[in-house]
Amino acid sequence: MTDIAQYKVSTEPFYQAQGDEISIYEAAYNSRLPMMIKGPTGCGKSRFIEYMAWKLGRPLITVACNEDMTASDLVGRYLLDANGTRWLDGPLSTAARIGAICYLDEIVEARQDTTVVIHPLTDHRRTLPLDKKGELINAHQDFQLVISYNPGYQSMMKDLKQSTKQRFVAMDFDYPSAKTEAEIISKEAKCDIELAAKLVKIGSTARNLKGHGLDEGISTRLMVYAANLMSQGVAAPAACRTALVRPITDDKDIRATLDHAIDQVFA
């Protein structure tokens with residue numbers, strides 16, 4: 001018997017709504033529609049799913065997808081033990097059985113021959129065939145599948161098939177407005193709003209460089225990290241260089257530009 005309690009989100013995660021995403025998600029869940037969340041790194045996609053699982057009172061099983069993940073990693077496999085072989089459900093099978101929200105994070109990182117295993121769960125059938133076990137799981141009435149990815153990293157080699165995309169309803173996420181982002185950072189890092197606003201200003205400078213030397217801008221998550229370093233006594237310029245600049249680029253010119261922006265903000 002699976003211990004459902006271990007997958008419950010016991011405390012309310014902090015999430016600052018940016019629009020009508022909460023009501024849209026609730027409508028999708030009430031209809032048990034598969035959901036696709038698209039947006040840049042660190043903009044709150046995973047936090048949003050965690051918050052919705054808490055709000056709906058549903059268990060949440062999260063899978064960080066990667067290129068080495070196989071279908072067996074999702075659905076399960078036979079294992080050898082002292083008594084012979086036994087079947088071990090994968091996270092997707094477990095979620096389908098107990099009525100959890102199964103969240104496949106960065107789905108495009110997985111191979112396409114792996115992701116097709118989700119197809120029967122995302123249409124009228126709502127089933128998951130376990131071919132190796134000879135079993136067909138009929139998904140629990142509360143089960144929902146959610147996937148996410150960053151469209152900025154899409155390519156012809158790393159994208160979902162149309163046969164997969166058109167099984168989901170989708171929402172676009174982006175970084176919040178400057179005011180909202182400062183409020184999020186202040187809340188998450190327990191810092192004053194003036195400091196948070198300065199971090200947002202630096203982040204905005206980096207995001208303007210996306211496509212002009214940077215693959216991705218500074219995420220809200222990294223700004224929270226910078227504020228956390230400051231709370232531990234690290235000087236603001238050093239904290240910003242460590243948390244905001246060094247992780248995202250090795251280009252000397254881009255680093256110099258962002259370092260200059262930091263010096264200007266904290267002059």
# chains A, B, ... in the order shown; residues from 1 in each chain; ligands from 1

call {"tool": "closest_atom_pairs", "arguments": {"of": "segment 129-223 of chain A", "to": "segment 242-255 of chain A", "cutoff": "12 Å", "atoms": "only C-alpha atoms", "output": "Markdown table"}}
result
| residue | atom | partner | partner_atom | distance |
| --- | --- | --- | --- | --- |
| A:Leu199 | CA | A:Leu244 | CA | 9.0 |
| A:Val200 | CA | A:Leu244 | CA | 10.7 |
| A:Lys201 | CA | A:Leu244 | CA | 11.8 |
| A:Ile202 | CA | A:Leu244 | CA | 8.5 |
| A:Gly203 | CA | A:Leu244 | CA | 7.8 |
| A:Ser204 | CA | A:Leu244 | CA | 11.4 |
| A:Thr205 | CA | A:Ile254 | CA | 10.9 |
| A:Ala206 | CA | A:Val245 | CA | 8.7 |
| A:Arg207 | CA | A:Ile248 | CA | 11.3 |
| A:Asn208 | CA | A:Ile254 | CA | 11.6 |
| A:Leu209 | CA | A:Ile254 | CA | 8.5 |
| A:Lys210 | CA | A:Ile254 | CA | 10.7 |
| A:Gly211 | CA | A:Ile254 | CA | 11.8 |
| A:His212 | CA | A:Ile254 | CA | 9.2 |
| A:Gly213 | CA | A:Ile254 | CA | 6.8 |
| A:Leu214 | CA | A:Thr249 | CA | 7.1 |
| A:Asp215 | CA | A:Ile248 | CA | 8.5 |
| A:Glu216 | CA | A:Ile248 | CA | 7.6 |
| A:Gly217 | CA | A:Ile248 | CA | 7.9 |
| A:Ile218 | CA | A:Leu244 | CA | 6.3 |
| A:Ser219 | CA | A:Leu244 | CA | 8.4 |
| A:Thr220 | CA | A:Leu244 | CA | 9.8 |
| A:Arg221 | CA | A:Ala243 | CA | 9.5 |
| A:Leu222 | CA | A:Ala243 | CA | 5.9 |
| A:Met223 | CA | A:Leu244 | CA | 6.7 |

call {"tool": "atom_distance", "arguments": {"atom1": "atom CA of Ser23 of chain A", "atom2": "atom CA of Ile37 of chain A"}}
result
14.4 Å

call {"tool": "select_by_dssp", "arguments": {"residues": "segment 31-265 of chain A", "states": "strand (DSSP E)", "output": "VMD selection string"}}
result
chain A and resid 35 to 38 60 to 64 76 to 81 84 to 89 101 to 105 127 to 130 135 to 138 144 to 149 169 to 172

call {"tool": "residues_around", "arguments": {"residues": "Cys191 of chain A", "least_positions_apart": "2", "cutoff": "10 Å", "atoms": "only C-alpha atoms", "output": "VMD selection string"}}
result
chain A and resid 182 to 183 185 to 189 193 to 196 224 227 to 228 230 to 231

call {"tool": "write_last_selection", "arguments": {"atoms": "C-alpha atoms", "output": "compact mmCIF listing (two decimals), in the first residue's frame"}}
result
# COMPACT_ATOMS: atom_id res chain seq x y z
CA ALA A 182 10.34 42.83 -5.80
CA GLU A 183 7.49 41.78 -3.50
CA ILE A 185 11.96 38.53 -3.45
CA SER A 186 11.22 40.51 -0.28
CA LYS A 187 8.88 37.77 0.94
CA GLU A 188 11.08 34.81 -0.05
CA ALA A 189 14.37 36.24 1.21
CA ILE A 193 11.56 45.97 -0.44
CA GLU A 194 14.18 48.59 -1.38
CA LEU A 195 16.90 45.95 -1.61
CA ALA A 196 14.59 43.67 -3.58
CA VAL A 224 16.51 35.44 -3.89
CA ALA A 227 19.47 38.46 -1.01
CA ASN A 228 20.15 35.36 1.10
CA MET A 230 23.52 39.48 1.86
CA SER A 231 21.56 38.37 4.90

call {"tool": "residues_around", "arguments": {"residues": "Val169 of chain A", "least_positions_apart": "2", "cutoff": "8 Å", "atoms": "only C-alpha atoms", "output": "MDAnalysis selection string"}}
result
chainID A and resid 28 33:36 166:167 171

call {"tool": "select_by_dssp", "arguments": {"residues": "segment 2-215 of chain A", "states": "alpha helix (DSSP H)", "output": "PyMOL selection string"}}
result
chain A and resi 21-30+45-56+71-75+91-98+112-115+162-165+178-189+193-207

call {"tool": "closest_residue", "arguments": {"among": "A:Asp174, A:Asp142, A:Asp3, A:Glu12", "to": "Ala96 of chain A", "atoms": "only C-alpha atoms"}}
result
A:Asp142

call {"tool": "atom_distance", "arguments": {"atom1": "atom CA of Arg58 of chain A", "atom2": "atom CA of Thr127 of chain A"}}
result
19.3 Å

call {"tool": "residues_around", "arguments": {"residues": "Glu50 of chain A", "least_positions_apart": "2", "cutoff": "9 Å", "atoms": "only C-alpha atoms", "output": "PDB file with N, CA and C atoms, in the first residue's frame"}}
result
ATOM      1  N   VAL A   9       1.581  18.023   0.007  1.00  0.00           N
ATOM      2  CA  VAL A   9       2.241  19.292   0.315  1.00  0.00           C
ATOM      3  C   VAL A   9       1.612  19.802   1.605  1.00  0.00           C
ATOM      4  N   GLU A  12       1.527  25.540   3.148  1.00  0.00           N
ATOM      5  CA  GLU A  12       1.239  26.374   1.984  1.00  0.00           C
ATOM      6  C   GLU A  12       2.513  26.996   1.427  1.00  0.00           C
ATOM      7  N   PRO A  13       2.849  26.692   0.163  1.00  0.00           N
ATOM      8  CA  PRO A  13       4.005  27.350  -0.443  1.00  0.00           C
ATOM      9  C   PRO A  13       3.637  28.789  -0.801  1.00  0.00           C
ATOM     10  N   LYS A  45       7.403  28.243 -12.267  1.00  0.00           N
ATOM     11  CA  LYS A  45       6.550  27.161 -12.780  1.00  0.00           C
ATOM     12  C   LYS A  45       6.377  26.052 -11.739  1.00  0.00           C
ATOM     13  N   SER A  46       7.483  25.580 -11.203  1.00  0.00           N
ATOM     14  CA  SER A  46       7.408  24.477 -10.231  1.00  0.00           C
ATOM     15  C   SER A  46       6.726  24.916  -8.945  1.00  0.00           C
ATOM     16  N   ARG A  47       6.996  26.148  -8.506  1.00  0.00           N
ATOM     17  CA  ARG A  47       6.346  26.650  -7.293  1.00  0.00           C
ATOM     18  C   ARG A  47       4.835  26.738  -7.498  1.00  0.00           C
ATOM     19  N   PHE A  48       4.420  27.147  -8.689  1.00  0.00           N
ATOM     20  CA  PHE A  48       2.991  27.243  -8.986  1.00  0.00           C
ATOM     21  C   PHE A  48       2.318  25.878  -8.879  1.00  0.00           C
ATOM     22  N   MET A  52      -0.588  24.774  -6.291  1.00  0.00           N
ATOM     23  CA  MET A  52      -1.887  24.259  -6.710  1.00  0.00           C
ATOM     24  C   MET A  52      -2.170  22.885  -6.098  1.00  0.00           C
ATOM     25  N   ALA A  53      -1.139  22.055  -5.961  1.00  0.00           N
ATOM     26  CA  ALA A  53      -1.329  20.761  -5.306  1.00  0.00           C
ATOM     27  C   ALA A  53      -1.766  20.967  -3.859  1.00  0.00           C
ATOM     28  N   TRP A  54      -1.139  21.949  -3.194  1.00  0.00           N
ATOM     29  CA  TRP A  54      -1.547  22.253  -1.815  1.00  0.00           C
ATOM     30  C   TRP A  54      -2.980  22.774  -1.789  1.00  0.00           C
ATOM     31  N   LYS A  55      -3.306  23.698  -2.671  1.00  0.00           N
ATOM     32  CA  LYS A  55      -4.624  24.331  -2.689  1.00  0.00           C
ATOM     33  C   LYS A  55      -5.722  23.303  -2.970  1.00  0.00           C
ATOM     34  N   LEU A  60       1.430  15.259  -4.724  1.00  0.00           N
ATOM     35  CA  LEU A  60       2.214  15.729  -5.863  1.00  0.00           C
ATOM     36  C   LEU A  60       3.453  14.857  -6.019  1.00  0.00           C
TER      37      LEU A  60
END

call {"tool": "closest_residue", "arguments": {"among": "A:Gly90, A:Ala17, A:Arg32, A:Gly57", "to": "Leu121 of chain A", "atoms": "only C-alpha atoms"}}
result
A:Arg32

call {"tool": "decode", "arguments": {"residues": "segment 108-132 of chain A", "atoms": "N, CA, C and O atoms", "output": "compact mmCIF listing (two decimals), in the first residue's frame"}}
result
# COMPACT_ATOMS: atom_id res chain seq x y z
N VAL A 108 10.99 18.25 -22.23
CA VAL A 108 11.72 18.14 -23.50
C VAL A 108 13.12 17.56 -23.32
O VAL A 108 13.77 17.19 -24.30
N GLU A 109 13.58 17.49 -22.07
CA GLU A 109 14.89 16.87 -21.83
C GLU A 109 14.82 15.36 -22.01
O GLU A 109 15.85 14.71 -22.24
N ALA A 110 13.63 14.79 -21.89
CA ALA A 110 13.48 13.34 -22.06
C ALA A 110 13.40 12.99 -23.54
O ALA A 110 12.98 13.79 -24.37
N ARG A 111 13.81 11.78 -23.87
CA ARG A 111 13.75 11.32 -25.25
C ARG A 111 12.30 11.16 -25.69
O ARG A 111 11.42 10.83 -24.88
N GLN A 112 12.04 11.39 -26.97
CA GLN A 112 10.67 11.31 -27.47
C GLN A 112 10.11 9.90 -27.36
O GLN A 112 8.90 9.73 -27.15
N ASP A 113 10.95 8.88 -27.47
CA ASP A 113 10.45 7.51 -27.34
C ASP A 113 10.08 7.18 -25.89
O ASP A 113 9.41 6.19 -25.61
N THR A 114 10.51 8.04 -24.96
CA THR A 114 10.11 7.89 -23.56
C THR A 114 8.80 8.61 -23.29
O THR A 114 7.91 8.07 -22.62
N THR A 115 8.65 9.81 -23.84
CA THR A 115 7.47 10.61 -23.53
C THR A 115 6.19 10.06 -24.15
O THR A 115 5.10 10.38 -23.67
N VAL A 116 6.29 9.23 -25.19
CA VAL A 116 5.06 8.71 -25.78
C VAL A 116 4.30 7.81 -24.81
O VAL A 116 3.11 7.55 -25.01
N VAL A 117 4.97 7.36 -23.75
CA VAL A 117 4.30 6.49 -22.78
C VAL A 117 3.15 7.22 -22.08
O VAL A 117 2.22 6.58 -21.57
N ILE A 118 3.19 8.57 -22.09
CA ILE A 118 2.15 9.34 -21.40
C ILE A 118 0.88 9.47 -22.25
O ILE A 118 -0.16 9.86 -21.72
N HIS A 119 0.94 9.16 -23.53
CA HIS A 119 -0.20 9.42 -24.42
C HIS A 119 -1.52 8.81 -23.96
O HIS A 119 -2.54 9.50 -23.96
N PRO A 120 -1.54 7.53 -23.57
CA PRO A 120 -2.85 6.96 -23.17
C PRO A 120 -3.45 7.62 -21.93
O PRO A 120 -4.65 7.52 -21.70
N LEU A 121 -2.61 8.30 -21.14
CA LEU A 121 -3.10 8.97 -19.94
C LEU A 121 -3.65 10.36 -20.23
O LEU A 121 -4.28 10.97 -19.37
N THR A 122 -3.41 10.85 -21.45
CA THR A 122 -3.74 12.24 -21.75
C THR A 122 -4.85 12.38 -22.78
O THR A 122 -4.99 13.41 -23.42
N ASP A 123 -5.65 11.33 -22.95
CA ASP A 123 -6.84 11.44 -23.79
C ASP A 123 -8.00 10.77 -23.07
O ASP A 123 -7.93 10.53 -21.86
N HIS A 124 -9.04 10.44 -23.80
CA HIS A 124 -10.25 9.91 -23.17
C HIS A 124 -10.02 8.60 -22.44
O HIS A 124 -10.79 8.23 -21.54
N ARG A 125 -8.94 7.88 -22.80
CA ARG A 125 -8.71 6.57 -22.19
C ARG A 125 -8.29 6.67 -20.72
O ARG A 125 -8.73 5.88 -19.89
N ARG A 126 -7.42 7.61 -20.43
CA ARG A 126 -6.86 7.76 -19.08
C ARG A 126 -6.38 6.42 -18.52
O ARG A 126 -6.73 6.02 -17.41
N THR A 127 -5.59 5.76 -19.32
CA THR A 127 -5.04 4.46 -18.92
C THR A 127 -3.53 4.48 -19.07
O THR A 127 -2.97 5.30 -19.81
N LEU A 128 -2.87 3.55 -18.39
CA LEU A 128 -1.42 3.39 -18.51
C LEU A 128 -1.12 1.90 -18.63
O LEU A 128 -1.24 1.16 -17.65
N PRO A 129 -0.76 1.43 -19.82
CA PRO A 129 -0.43 0.02 -19.98
C PRO A 129 0.97 -0.30 -19.45
O PRO A 129 1.92 0.41 -19.75
N LEU A 130 1.04 -1.32 -18.61
CA LEU A 130 2.33 -1.83 -18.12
C LEU A 130 2.63 -3.11 -18.90
O LEU A 130 2.27 -4.21 -18.48
N ASP A 131 3.26 -2.94 -20.06
CA ASP A 131 3.46 -4.08 -20.96
C ASP A 131 4.27 -5.19 -20.32
O ASP A 131 3.97 -6.38 -20.49
N LYS A 132 5.31 -4.82 -19.58
CA LYS A 132 6.18 -5.84 -18.97
C LYS A 132 5.44 -6.65 -17.91
O LYS A 132 5.78 -7.81 -17.64
